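Visitor: File follows, coords18.txt with compact mmCIF, C-alpha atoms and all ligand atoms:
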```
# COMPACT_ATOMS: atom_id res chain seq x y z
CA MET A 1327 38.30 105.76 200.62
CA SER A 1328 37.20 108.77 202.70
CA SER A 1329 39.31 111.89 202.65
CA GLY A 1330 39.58 111.63 206.47
CA LYS A 1331 41.32 108.26 206.25
CA LYS A 1332 43.66 109.55 203.54
CA SER A 1333 44.87 112.49 205.61
CA SER A 1334 45.46 110.35 208.73
CA GLU A 1335 47.55 107.93 206.64
CA LEU A 1336 49.58 110.82 205.34
CA GLU A 1337 50.21 111.99 208.88
CA THR A 1338 51.73 108.65 209.87
CA ASN A 1339 53.55 108.42 206.54
CA PRO A 1340 54.58 112.03 205.80
CA ALA A 1341 55.80 113.23 202.41
CA PRO A 1342 59.59 112.83 201.95
CA ASP A 1343 61.91 115.70 202.85
CA PRO A 1344 63.10 117.06 199.47
CA GLN A 1345 66.56 117.81 200.95
CA ALA A 1346 67.08 114.26 202.23
CA PRO A 1347 69.36 111.90 200.20
CA ILE A 1348 67.37 109.65 197.89
CA THR A 1349 67.46 106.08 199.10
CA ARG A 1350 65.67 102.97 197.97
CA LYS A 1351 63.80 102.87 201.29
CA GLY A 1352 61.39 105.57 200.07
CA PHE A 1353 57.80 104.81 199.28
CA LEU A 1354 55.71 104.48 196.18
CA ILE A 1355 52.43 106.16 195.47
CA SER A 1356 49.77 103.53 194.99
CA LEU A 1357 47.80 103.97 191.78
CA LYS A 1358 45.28 101.35 192.90
CA ASN A 1359 44.50 103.12 196.18
CA SER A 1360 43.91 106.65 194.93
CA GLY A 1361 47.42 107.90 195.50
CA THR A 1362 48.07 106.41 198.94
CA PRO A 1363 51.78 106.35 199.80
CA MET A 1364 53.02 102.81 200.49
CA PRO A 1365 56.44 101.62 201.64
CA ILE A 1366 58.50 99.49 199.22
CA PRO A 1367 58.69 95.94 200.59
CA GLU A 1368 62.27 95.06 201.63
CA GLN A 1369 62.56 92.23 199.07
CA ASN A 1370 61.72 94.64 196.23
CA VAL A 1371 64.09 97.43 197.18
CA TYR A 1372 66.49 96.55 194.32
CA GLY A 1373 63.78 95.63 191.85
CA ARG A 1374 65.04 92.76 189.73
CA CYS A 1375 68.60 94.09 189.65
CA ARG A 1376 71.45 92.63 191.63
CA PRO A 1377 73.09 94.91 194.21
CA VAL A 1378 76.42 96.45 193.22
CA SER A 1379 77.84 95.14 196.52
CA GLU A 1380 78.11 91.75 194.78
CA PHE A 1381 80.95 93.27 192.74
CA GLU A 1382 84.41 93.82 194.15
CA LYS A 1383 86.00 96.96 192.68
CA LEU A 1384 89.60 96.19 191.69
CA ASN A 1385 90.89 99.40 190.11
CA ARG A 1386 89.66 102.28 188.02
CA VAL A 1387 90.33 101.98 184.31
CA GLY A 1388 88.77 105.10 182.98
CA GLU A 1389 87.48 108.40 184.04
CA GLY A 1390 85.38 109.74 181.21
CA SER A 1391 83.39 112.93 181.11
CA TYR A 1392 80.65 111.54 183.30
CA GLY A 1393 82.09 109.18 185.85
CA ILE A 1394 84.50 106.49 186.78
CA VAL A 1395 84.73 103.09 185.14
CA TYR A 1396 86.07 100.27 187.30
CA ARG A 1397 87.55 96.89 186.61
CA ALA A 1398 85.63 94.69 189.03
CA ARG A 1399 85.12 91.08 190.01
CA ASP A 1400 81.67 89.54 190.04
CA THR A 1401 81.82 87.71 193.38
CA ARG A 1402 79.14 85.24 192.27
CA SER A 1403 80.90 84.02 189.13
CA GLY A 1404 84.47 85.23 189.77
CA GLU A 1405 84.46 86.89 186.32
CA ILE A 1406 86.21 90.19 185.65
CA VAL A 1407 83.85 92.89 184.34
CA ALA A 1408 83.73 96.62 183.75
CA LEU A 1409 81.43 98.66 186.00
CA LYS A 1410 80.28 102.06 184.77
CA ARG A 1411 78.13 104.33 186.88
CA VAL A 1412 75.20 105.91 185.07
CA ARG A 1413 75.46 109.67 184.96
CA MET A 1414 72.71 111.32 186.97
CA ASP A 1415 72.66 115.01 185.88
CA GLN A 1416 71.64 116.02 189.41
CA GLU A 1417 68.42 114.26 188.64
CA LYS A 1418 66.03 113.95 191.61
CA ASP A 1419 63.14 112.28 189.88
CA GLY A 1420 64.71 109.11 188.61
CA LEU A 1421 66.94 107.96 185.83
CA PRO A 1422 68.02 110.68 183.35
CA VAL A 1423 67.05 110.16 179.74
CA SER A 1424 70.72 109.89 178.68
CA GLY A 1425 71.27 106.92 181.02
CA LEU A 1426 68.12 105.22 179.85
CA ARG A 1427 69.14 105.75 176.23
CA GLU A 1428 72.56 104.20 176.80
CA ILE A 1429 71.00 101.14 178.45
CA MET A 1430 68.27 100.77 175.85
CA ILE A 1431 70.64 101.14 172.89
CA LEU A 1432 73.27 98.78 174.34
CA LYS A 1433 70.58 96.18 175.00
CA ARG A 1434 69.57 96.35 171.35
CA CYS A 1435 73.14 95.84 170.14
CA GLN A 1436 74.43 92.32 170.07
CA HIS A 1437 77.49 92.35 167.89
CA GLU A 1438 81.01 91.07 168.28
CA ASN A 1439 82.38 94.57 167.78
CA ILE A 1440 80.10 96.39 170.21
CA VAL A 1441 80.75 96.23 173.94
CA ARG A 1442 78.37 93.78 175.62
CA LEU A 1443 76.11 95.06 178.37
CA ARG A 1444 75.69 92.11 180.74
CA GLU A 1445 73.26 93.63 183.20
CA VAL A 1446 72.34 96.71 185.18
CA VAL A 1447 73.04 96.66 188.94
CA VAL A 1448 72.07 99.10 191.65
CA GLY A 1449 73.47 100.58 194.84
CA LYS A 1450 71.59 101.51 197.98
CA SER A 1451 70.81 105.05 196.95
CA LEU A 1452 68.44 105.69 194.06
CA ASP A 1453 71.08 107.60 192.17
CA SER A 1454 73.55 104.74 191.98
CA ILE A 1455 72.93 102.64 188.93
CA PHE A 1456 75.76 100.79 187.19
CA LEU A 1457 76.24 99.15 183.83
CA VAL A 1458 78.06 95.83 184.00
CA MET A 1459 79.94 95.21 180.74
CA ASP A 1460 82.41 92.70 179.40
CA PHE A 1461 85.85 93.91 180.38
CA CYS A 1462 88.23 94.97 177.60
CA GLU A 1463 91.90 95.20 178.41
CA GLN A 1464 92.65 98.35 176.40
CA ASP A 1465 91.18 101.45 174.89
CA LEU A 1466 92.78 102.75 171.72
CA ALA A 1467 93.47 106.19 173.21
CA SER A 1468 95.68 104.77 175.94
CA VAL A 1469 97.32 102.36 173.48
CA LEU A 1470 98.14 105.23 171.09
CA ASP A 1471 99.41 107.37 173.96
CA ASN A 1472 101.80 104.70 175.12
CA MET A 1473 103.09 103.09 171.92
CA SER A 1474 106.53 103.91 170.62
CA GLN A 1475 105.65 103.60 166.92
CA PRO A 1476 102.34 103.80 165.03
CA PHE A 1477 100.34 100.70 164.09
CA THR A 1478 101.41 99.02 160.85
CA GLU A 1479 99.05 99.38 157.91
CA SER A 1480 97.84 95.80 158.23
CA GLU A 1481 97.07 96.39 161.93
CA VAL A 1482 95.21 99.59 161.02
CA LYS A 1483 93.16 97.63 158.49
CA CYS A 1484 92.39 94.97 161.09
CA ILE A 1485 91.14 97.58 163.60
CA THR A 1486 89.19 99.72 161.16
CA LEU A 1487 87.46 96.76 159.49
CA GLN A 1488 86.08 95.78 162.90
CA VAL A 1489 84.89 99.33 163.59
CA LEU A 1490 83.20 99.42 160.17
CA ARG A 1491 81.36 96.16 160.92
CA ALA A 1492 80.04 97.68 164.16
CA LEU A 1493 78.99 100.86 162.32
CA LYS A 1494 77.22 98.92 159.60
CA TYR A 1495 75.30 97.00 162.27
CA MET A 1496 74.36 100.11 164.27
CA HIS A 1497 73.40 102.22 161.29
CA ALA A 1498 71.20 99.45 159.91
CA ARG A 1499 69.34 99.65 163.26
CA TYR A 1500 68.93 103.44 163.08
CA ILE A 1501 71.48 104.03 165.82
CA ILE A 1502 73.93 106.94 165.48
CA HIS A 1503 76.78 106.74 167.97
CA ARG A 1504 77.59 110.48 167.85
CA ASP A 1505 80.78 110.27 169.93
CA LEU A 1506 83.16 108.04 168.01
CA LYS A 1507 86.78 108.63 169.01
CA VAL A 1508 89.76 106.52 169.98
CA SER A 1509 88.94 106.53 173.71
CA ASN A 1510 85.56 104.98 172.91
CA LEU A 1511 87.12 102.09 170.98
CA LEU A 1512 88.09 99.24 173.28
CA MET A 1513 90.36 96.33 172.46
CA THR A 1514 90.50 92.92 174.10
CA ASP A 1515 93.72 90.97 174.50
CA LYS A 1516 92.55 88.84 171.57
CA GLY A 1517 92.69 91.85 169.26
CA CYS A 1518 88.91 92.24 169.13
CA ILE A 1519 87.73 95.85 168.84
CA LYS A 1520 84.53 96.91 170.61
CA VAL A 1521 82.76 100.22 170.10
CA ALA A 1522 81.77 101.57 173.54
CA ASP A 1523 80.24 104.61 175.26
CA PHE A 1524 76.74 104.99 173.90
CA GLY A 1525 76.03 107.88 176.32
CA LEU A 1526 75.37 110.27 173.42
CA ALA A 1527 73.92 107.75 170.96
CA ARG A 1528 70.50 108.35 169.43
CA LEU A 1529 67.96 106.48 167.41
CA TYR A 1530 67.18 108.44 164.27
CA GLY A 1531 64.09 108.46 162.14
CA ASN A 1532 63.43 108.90 158.46
CA PRO A 1533 63.27 111.85 157.80
CA PRO A 1534 65.78 112.77 160.55
CA LYS A 1535 64.49 114.96 163.41
CA PRO A 1536 66.37 117.97 164.83
CA MET A 1537 68.95 117.17 167.55
CA THR A 1538 71.28 119.24 169.73
CA PRO A 1539 74.27 120.19 167.56
CA GLN A 1540 76.82 120.13 170.41
CA MET A 1541 78.03 116.58 170.35
CA VAL A 1542 80.98 114.57 169.05
CA THR A 1543 84.31 115.64 170.51
CA LEU A 1544 85.63 118.59 168.46
CA TRP A 1545 88.48 116.72 166.72
CA TYR A 1546 86.08 114.17 165.24
CA ARG A 1547 83.19 116.56 164.57
CA ALA A 1548 81.81 116.66 161.03
CA PRO A 1549 81.67 120.00 159.18
CA GLU A 1550 77.84 120.00 159.08
CA LEU A 1551 77.79 119.87 162.91
CA LEU A 1552 80.39 122.62 163.21
CA LEU A 1553 78.20 124.70 160.91
CA GLY A 1554 75.10 124.12 163.04
CA ALA A 1555 73.10 121.56 160.99
CA ARG A 1556 70.04 120.57 163.00
CA THR A 1557 69.50 117.16 161.52
CA HIS A 1558 72.10 114.52 162.15
CA THR A 1559 72.60 111.41 160.12
CA THR A 1560 74.85 108.39 160.24
CA ALA A 1561 77.27 110.48 158.14
CA VAL A 1562 78.51 112.17 161.37
CA ASP A 1563 79.84 108.79 162.51
CA MET A 1564 81.47 108.22 159.12
CA TRP A 1565 83.35 111.53 159.34
CA ALA A 1566 84.54 110.60 162.84
CA PHE A 1567 85.57 107.20 161.47
CA GLY A 1568 87.66 108.96 158.77
CA CYS A 1569 89.41 110.96 161.53
CA ILE A 1570 90.11 107.73 163.43
CA LEU A 1571 91.51 106.00 160.34
CA GLY A 1572 93.80 108.99 159.76
CA GLU A 1573 94.87 109.03 163.42
CA LEU A 1574 95.75 105.33 163.41
CA LEU A 1575 97.82 105.72 160.25
CA LEU A 1576 99.66 108.81 161.47
CA GLY A 1577 99.96 107.75 165.12
CA LYS A 1578 98.62 111.14 166.20
CA PRO A 1579 95.28 113.00 165.97
CA LEU A 1580 94.51 114.11 162.44
CA LEU A 1581 92.54 117.31 163.11
CA PRO A 1582 93.24 118.44 166.67
CA GLY A 1583 91.49 121.83 166.67
CA ASN A 1584 91.10 123.74 169.92
CA SER A 1585 88.06 125.79 168.96
CA GLU A 1586 85.29 125.46 166.40
CA ILE A 1587 86.88 127.93 164.02
CA ALA A 1588 90.32 126.31 164.44
CA GLN A 1589 88.66 122.96 163.69
CA LEU A 1590 87.06 124.31 160.51
CA ASP A 1591 90.38 125.88 159.48
CA MET A 1592 92.19 122.55 159.94
CA ILE A 1593 89.56 120.74 157.89
CA ILE A 1594 89.86 123.31 155.09
CA ASP A 1595 93.68 123.17 155.20
CA LEU A 1596 93.47 119.43 154.64
CA LEU A 1597 90.58 119.19 152.17
CA GLY A 1598 90.12 122.59 150.54
CA ALA A 1599 87.22 124.98 151.14
CA PRO A 1600 83.61 123.73 150.82
CA SER A 1601 81.29 125.48 148.37
CA GLU A 1602 77.64 125.44 147.39
CA SER A 1603 78.52 123.56 144.21
CA ILE A 1604 80.21 120.60 145.92
CA TRP A 1605 77.86 120.74 148.92
CA PRO A 1606 74.35 121.90 147.98
CA GLY A 1607 72.74 123.53 151.02
CA PHE A 1608 76.08 124.56 152.51
CA LEU A 1609 75.30 128.29 152.35
CA ASP A 1610 72.01 127.78 154.20
CA LEU A 1611 73.62 126.12 157.23
CA PRO A 1612 72.75 128.11 160.38
CA ALA A 1613 76.32 128.95 161.46
CA VAL A 1614 77.86 129.62 158.06
CA GLN A 1615 77.61 133.39 158.54
CA ASN A 1616 79.32 133.18 161.96
CA PHE A 1617 82.68 132.20 160.48
CA THR A 1618 84.99 133.68 157.89
CA LEU A 1619 86.22 130.52 156.23
CA SER A 1620 89.55 130.39 154.48
CA GLN A 1621 89.41 129.87 150.71
CA GLN A 1622 92.27 127.35 150.49
CA PRO A 1623 91.49 125.50 147.22
CA TYR A 1624 93.58 122.30 147.42
CA ASN A 1625 92.95 118.79 148.69
CA ASN A 1626 96.11 117.88 150.62
CA LEU A 1627 95.23 114.30 151.61
CA LYS A 1628 97.85 112.92 149.24
CA THR A 1629 100.65 114.96 150.84
CA LYS A 1630 99.50 114.16 154.37
CA PHE A 1631 99.20 110.42 153.74
CA GLN A 1632 102.21 109.66 151.57
CA MET A 1633 102.35 106.11 152.95
CA LEU A 1634 98.97 105.35 151.36
CA GLY A 1635 98.38 103.90 147.92
CA GLN A 1636 95.58 104.90 145.58
CA ALA A 1637 92.91 102.72 147.25
CA GLY A 1638 93.69 104.05 150.74
CA ARG A 1639 93.59 107.63 149.53
CA SER A 1640 90.30 107.19 147.77
CA LEU A 1641 88.82 105.61 150.92
CA LEU A 1642 89.83 108.72 152.91
CA ASN A 1643 88.46 110.92 150.13
CA ILE A 1644 84.99 109.34 150.23
CA LEU A 1645 84.93 109.53 154.04
CA PHE A 1646 85.80 113.23 153.94
CA ILE A 1647 83.16 114.25 151.43
CA TYR A 1648 81.72 117.53 152.71
CA ASN A 1649 78.15 116.79 151.65
CA PRO A 1650 76.85 114.36 154.32
CA SER A 1651 74.32 112.84 151.94
CA THR A 1652 77.02 111.62 149.57
CA ARG A 1653 79.67 110.76 152.19
CA ALA A 1654 80.64 107.05 152.21
CA THR A 1655 78.52 104.64 154.25
CA ALA A 1656 80.02 101.87 156.39
CA ASP A 1657 78.92 99.34 153.80
CA GLU A 1658 80.66 101.21 150.96
CA CYS A 1659 83.85 101.43 153.01
CA LEU A 1660 83.74 97.71 153.73
CA SER A 1661 83.88 96.99 150.03
CA SER A 1662 86.80 99.38 149.47
CA LYS A 1663 89.72 97.86 147.59
CA TYR A 1664 91.94 99.16 150.40
CA PHE A 1665 90.97 96.18 152.56
CA THR A 1666 91.75 93.53 149.94
CA GLU A 1667 94.99 94.85 148.48
CA PRO A 1668 98.34 94.22 150.21
CA PRO A 1669 99.27 94.65 152.95
CA GLN A 1670 96.36 92.44 153.98
CA PRO A 1671 94.55 93.18 157.25
CA CYS A 1672 96.18 91.10 159.97
CA ASP A 1673 94.29 88.45 161.90
CA PRO A 1674 92.99 90.05 165.16
CA ARG A 1675 94.82 87.35 167.11
CA MET A 1676 98.07 88.64 165.62
CA MET A 1677 97.53 92.17 166.92
CA PRO A 1678 100.30 93.20 169.29
CA THR A 1679 99.54 92.99 172.98
CA PHE A 1680 100.15 96.01 175.19
CA PRO A 1681 100.79 96.53 178.89
CA GLN A 1682 97.57 97.46 180.68
CA HIS A 1683 98.52 101.06 181.43
CA ARG A 1684 95.07 101.82 182.81
CA ASN A 1685 95.35 99.35 185.70
CA ASN A 1686 97.65 101.65 187.67
CA VAL A 1687 99.05 98.72 189.65
CA ALA A 1688 102.50 98.79 191.30
CA PRO A 1689 105.30 98.86 188.67
CA PRO A 1690 106.96 95.48 188.14
CA GLN A 1691 110.46 94.86 189.51
CA ALA A 1692 113.21 95.85 187.06
CA GLN A 1693 114.26 92.89 184.91
CA PRO A 1694 117.93 92.13 184.24
CA SER A 1695 118.72 93.28 180.69
CA THR A 1696 118.90 90.60 178.00
CA GLU A 1697 119.76 90.81 174.31
CA ILE A 1698 116.13 90.26 173.20
CA PRO A 1699 113.61 91.93 175.51
CA ILE A 1700 111.54 89.37 177.47
CA SER A 1701 108.37 91.28 176.59
CA HIS A 1702 109.06 90.68 172.90
CA LEU A 1703 109.59 86.93 173.41
CA LEU A 1704 106.42 86.75 175.50
CA ASP A 1705 104.47 88.59 172.84
CA VAL A 1706 105.61 86.16 170.15
CA PHE A 1707 104.80 83.24 172.44
CA ILE A 1708 101.30 84.56 173.25
CA LYS A 1709 100.51 85.15 169.56
CA ARG A 1710 101.65 81.67 168.65
CA GLN A 1711 99.50 80.17 171.40
CA ARG A 1712 96.47 82.16 170.22
CA LEU A 1713 96.87 80.82 166.71
CA GLU A 1714 97.24 77.26 167.90
N1 LIG B 1801 83.85 97.60 179.03
C1 LIG B 1801 84.98 98.26 179.34
N2 LIG B 1801 86.13 97.59 179.55
C2 LIG B 1801 87.27 98.25 179.84
N3 LIG B 1801 87.37 99.58 179.95
C3 LIG B 1801 86.25 100.33 179.74
C4 LIG B 1801 85.01 99.71 179.44
N4 LIG B 1801 84.09 100.69 179.28
C5 LIG B 1801 84.76 101.84 179.48
N5 LIG B 1801 86.04 101.65 179.76
C6 LIG B 1801 87.07 102.67 180.04
O1 LIG B 1801 86.49 103.78 180.67
C7 LIG B 1801 86.61 104.95 179.84
C8 LIG B 1801 85.35 105.80 179.99
O2 LIG B 1801 84.23 105.01 179.65
P1 LIG B 1801 83.12 105.54 178.64
O3 LIG B 1801 82.08 104.47 178.48
O4 LIG B 1801 83.80 106.01 177.41
O5 LIG B 1801 82.47 106.72 179.47
P2 LIG B 1801 82.47 108.30 179.34
O6 LIG B 1801 81.10 108.62 178.87
O7 LIG B 1801 82.70 108.74 180.71
O8 LIG B 1801 83.55 108.68 178.36
C9 LIG B 1801 86.88 104.41 178.44
O9 LIG B 1801 87.59 105.36 177.66
C10 LIG B 1801 87.70 103.17 178.73
O10 LIG B 1801 89.04 103.52 179.01
MG MG B 1802 83.99 107.85 176.51
```
How does this structure look as structure tokens?

Guide:
Amino acid sequence: MSSGKKSSELETNPAPDPQAPITRKGFLISLKNSGTPMPIPEQNVYGRCRPVSEFEKLNRVGEGSYGIVYRARDTRSGEIVALKRVRMDQEKDGLPVSGLREIMILKRCQHENIVRLREVVVGKSLDSIFLVMDFCEQDLASVLDNMSQPFTESEVKCITLQVLRALKYMHARYIIHRDLKVSNLLMTDKGCIKVADFGLARLYGNPPKPMTPQMVTLWYRAPELLLGARTHTTAVDMWAFGCILGELLLGKPLLPGNSEIAQLDMIIDLLGAPSESIWPGFLDLPAVQNFTLSQQPYNNLKTKFQMLGQAGRSLLNILFIYNPSTRATADECLSSKYFTEPPQPCDPRMMPTFPQHRNNVAPPQAQPSTEIPISHLLDVFIKRQRLE
């Protein structure tokens, strides 16, 4: 093609205005025709994805750090789904890596205890991309916030066993979640737990490569991350899992620090100070010199968790091993005696049901008071039906 022809084509099809909103009606640069701009045919504007307009937004269920999650109805099938907008990071040149990672990792994960990504759908503008997931009625953060008494031990076992199965599956596939916390654990009304929010998840190699240390919400952050370790392993998820187990048993966050040093102090108050002898390499961690760590010598898990027997305490102890290379793996936790001794883990279908606090719908009319609350009778009835 002559250069004359190329410039006249560019005149009739000028380069896009960088200030203009990005829409799908832009044009592509042809690789076949030496960089000639060509409009995207109307039928290909959405690629192979369905348009988000086929989903009717019902209500918002979550507003995480990056965007709103809606409960929505798929107008084609009538099914209720969750719709999560992919975070764009003010990206102008396409999908941000974090969004791509979340999609790629979720597509790889097909497990009963990991939220199912059904498909990716798109809006009219290039920066609106949504994940369509199976809808889960609850997240554990809102359940814990709204319950009057903590879960029973057999309910805690039921929940944590399911989380461990998801972790075993992910870790065997070299996936580290990196943001495990109660708000990222969903629960269906059949008592099935699903790990969600893979926005910070990473695939790791062997040997592990350096990653950004700032991840995992402070309260669930492992000591090696607080101390600036550059290589992350599946052990960061196991620490977070230990914090979740503690939180479920206590009915409140276990280590709610409000700064990195406060977080380290809380960890040391609970477990005793780390040292080079119990954690080889500890003194070489990049941030060790930045903090003056307290020298508290005692492990106080036993005092904090008086409701736990020997097996429960030793499970917490192996999850809170300072040295990440000897910390318990999901597989080791699954074979802990804690899960086989009484009280036995309850059947997921026997998990209590909770009002859907996140569906901020109009409050129900006040019920006349009865001796036994109707909600209790309903709960018993629903459980019985599930078992039948
Ligand atoms: N599949 C889903 N079903 C029901 N609620 C969901 C679903 N996915 C997310 N949520 C709700 O939205 C919140 C935020 O979603 P999340 O994926 O954790 O995104 P963020 O990265 O913004 O934290 C969750 O804490 C949960 O309450
Ligand atoms: Mg989240």

Visitor: Which polymer residues, protein or nucleic acid, are no farther than 8 Å from (81.5, 97.2, 171.4), counting only C-alpha atoms, as a ChimeraX atom specification?

Guide: /A:1437-1442,1492,1511-1512,1519-1522

Visitor: Could you make a table, as JSON lines, of the residues of chain A that have an atom within 9 Å of an atom of ligand MG 1802 (chain B), each with its nearest atom pair and distance in Å to one decimal, counting only C-alpha atoms and all ligand atoms, in chain and number order?

Guide:
```
{"residue": "A:Gly1388", "atom": "CA", "partner": "B:MG1802", "partner_atom": "MG", "distance": 8.5}
{"residue": "A:Glu1389", "atom": "CA", "partner": "B:MG1802", "partner_atom": "MG", "distance": 8.3}
{"residue": "A:Gly1390", "atom": "CA", "partner": "B:MG1802", "partner_atom": "MG", "distance": 5.3}
{"residue": "A:Ser1391", "atom": "CA", "partner": "B:MG1802", "partner_atom": "MG", "distance": 6.9}
{"residue": "A:Tyr1392", "atom": "CA", "partner": "B:MG1802", "partner_atom": "MG", "distance": 8.4}
{"residue": "A:Asp1505", "atom": "CA", "partner": "B:MG1802", "partner_atom": "MG", "distance": 7.7}
{"residue": "A:Leu1506", "atom": "CA", "partner": "B:MG1802", "partner_atom": "MG", "distance": 8.5}
{"residue": "A:Lys1507", "atom": "CA", "partner": "B:MG1802", "partner_atom": "MG", "distance": 8.0}
{"residue": "A:Val1508", "atom": "CA", "partner": "B:MG1802", "partner_atom": "MG", "distance": 8.8}
{"residue": "A:Ser1509", "atom": "CA", "partner": "B:MG1802", "partner_atom": "MG", "distance": 5.8}
{"residue": "A:Asn1510", "atom": "CA", "partner": "B:MG1802", "partner_atom": "MG", "distance": 4.9}
{"residue": "A:Leu1511", "atom": "CA", "partner": "B:MG1802", "partner_atom": "MG", "distance": 8.6}
{"residue": "A:Ala1522", "atom": "CA", "partner": "B:MG1802", "partner_atom": "MG", "distance": 7.3}
{"residue": "A:Asp1523", "atom": "CA", "partner": "B:MG1802", "partner_atom": "MG", "distance": 5.1}
{"residue": "A:Phe1524", "atom": "CA", "partner": "B:MG1802", "partner_atom": "MG", "distance": 8.2}
{"residue": "A:Gly1525", "atom": "CA", "partner": "B:MG1802", "partner_atom": "MG", "distance": 8.0}
```

Visitor: Using all atoms listed in the file, pick whichever of A:Gln1621, A:Ser1601, A:Gln1464, A:Gln1488 has the shortest atom-to-atom distance to ligand LIG 1801 (chain B).

Guide: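 Going through A:Gln1621, A:Ser1601, A:Gln1464, A:Gln1488 one by one, the smallest distance to ligand LIG 1801 (chain B) is for A:Gln1464.
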
Visitor: Taking (97.3, 111.1, 166.6) in the coordinates of the supplied file, I want to know which residues reach to within 12 Å of it, counting all atoms listed in the file; could you give the answer as an mmCIF file with C-alpha atoms, in the frame of the given file?

Guide:
```
data_model
loop_
_atom_site.group_PDB
_atom_site.id
_atom_site.type_symbol
_atom_site.label_atom_id
_atom_site.label_comp_id
_atom_site.auth_asym_id
_atom_site.auth_seq_id
_atom_site.Cartn_x
_atom_site.Cartn_y
_atom_site.Cartn_z
ATOM 1 C CA LEU A 1466 92.780 102.750 171.720
ATOM 2 C CA ALA A 1467 93.470 106.190 173.210
ATOM 3 C CA SER A 1468 95.680 104.770 175.940
ATOM 4 C CA VAL A 1469 97.320 102.360 173.480
ATOM 5 C CA LEU A 1470 98.140 105.230 171.090
ATOM 6 C CA ASP A 1471 99.410 107.370 173.960
ATOM 7 C CA ASN A 1472 101.800 104.700 175.120
ATOM 8 C CA MET A 1473 103.090 103.090 171.920
ATOM 9 C CA GLN A 1475 105.650 103.600 166.920
ATOM 10 C CA PRO A 1476 102.340 103.800 165.030
ATOM 11 C CA PHE A 1477 100.340 100.700 164.090
ATOM 12 C CA LYS A 1507 86.780 108.630 169.010
ATOM 13 C CA VAL A 1508 89.760 106.520 169.980
ATOM 14 C CA SER A 1509 88.940 106.530 173.710
ATOM 15 C CA TRP A 1545 88.480 116.720 166.720
ATOM 16 C CA TYR A 1546 86.080 114.170 165.240
ATOM 17 C CA CYS A 1569 89.410 110.960 161.530
ATOM 18 C CA ILE A 1570 90.110 107.730 163.430
ATOM 19 C CA LEU A 1571 91.510 106.000 160.340
ATOM 20 C CA GLY A 1572 93.800 108.990 159.760
ATOM 21 C CA GLU A 1573 94.870 109.030 163.420
ATOM 22 C CA LEU A 1574 95.750 105.330 163.410
ATOM 23 C CA LEU A 1575 97.820 105.720 160.250
ATOM 24 C CA LEU A 1576 99.660 108.810 161.470
ATOM 25 C CA GLY A 1577 99.960 107.750 165.120
ATOM 26 C CA LYS A 1578 98.620 111.140 166.200
ATOM 27 C CA PRO A 1579 95.280 113.000 165.970
ATOM 28 C CA LEU A 1580 94.510 114.110 162.440
ATOM 29 C CA LEU A 1581 92.540 117.310 163.110
ATOM 30 C CA PRO A 1582 93.240 118.440 166.670
#
```

Visitor: Quick one: of A:Thr1629, A:Thr1543, A:Gln1589, A:Ser1662, who's nearest to Leu1487 of chain A, counting all atoms listed in the file?

Guide: A:Ser1662

Visitor: When you count all atoms listed in the file, which of these residues is closest to Arg1434 of chain A: A:Ile1355, A:Ile1501, A:Ala1613, A:Ile1455?

Guide: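 Checking each of A:Ile1355, A:Ile1501, A:Ala1613, A:Ile1455 against Arg1434 of chain A, counting all atoms listed in the file, the winner is A:Ile1501.
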
Visitor: Taking all atoms listed in the file into account, which of A:Arg1528, A:His1558, A:Lys1483, A:Arg1639 comes nearest Thr1666 of chain A?

Guide: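 Nearest candidate to Thr1666 of chain A out of A:Arg1528, A:His1558, A:Lys1483, A:Arg1639: A:Lys1483.
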
Visitor: So, counting all atoms listed in the file, which residue among A:Arg1374, A:Arg1411, A:Arg1402, A:Arg1675 is closest to ligand LIG 1801 (chain B)?

Guide: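 Smallest distance to ligand LIG 1801 (chain B) is found for A:Arg1411.
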
Visitor: Identify which of the residues A:Met1592, A:Gln1682, A:Arg1499, A:Gln1622 lies closest to ligand LIG 1801 (chain B), counting only C-alpha atoms and all ligand atoms when measuring atom-to-atom distances.

Guide: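 Using only C-alpha atoms and all ligand atoms, ligand LIG 1801 (chain B) sits closest to A:Gln1682.
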
Visitor: Tell me, in Å to one decimal, how far atom CA of Asp1465 of chain A is from atom CA of Ile1587 of chain A.

Guide: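 Interatomic distance here is 28.9 Å.
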
Visitor: Could you jot down the atom CA of Ile1604 of chain A to atom CA of Gly1568 of chain A separation for me, Å, one decimal place?

Guide: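 About the pair atom CA of Ile1604 of chain A and atom CA of Gly1568 of chain A: they are 18.9 Å apart.
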
Visitor: Take atom C6 of ligand LIG 1801 (chain B) and atom CA of Val1446 of chain A and report the distance between them in Å, one decimal.

Guide: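 Separation between atom C6 of ligand LIG 1801 (chain B) and atom CA of Val1446 of chain A: 16.7 Å.
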
Visitor: Got a sec: who's within 9 Å of Asn1626 of chain A, counting all atoms listed in the file, leaving out chain neighbours fewer than 3 positions off, as a PyMOL selection string?

Guide: chain A and resi 1595-1598+1629-1631

Visitor: Pick out the residues sitting within 10 Å of Arg1376 of chain A, and hand them over as a ChimeraX atom specification; count only C-alpha atoms, and ignore anything fewer than 2 positions along from it in its own chain.

Guide: /A:1372-1374,1378-1381,1445-1449
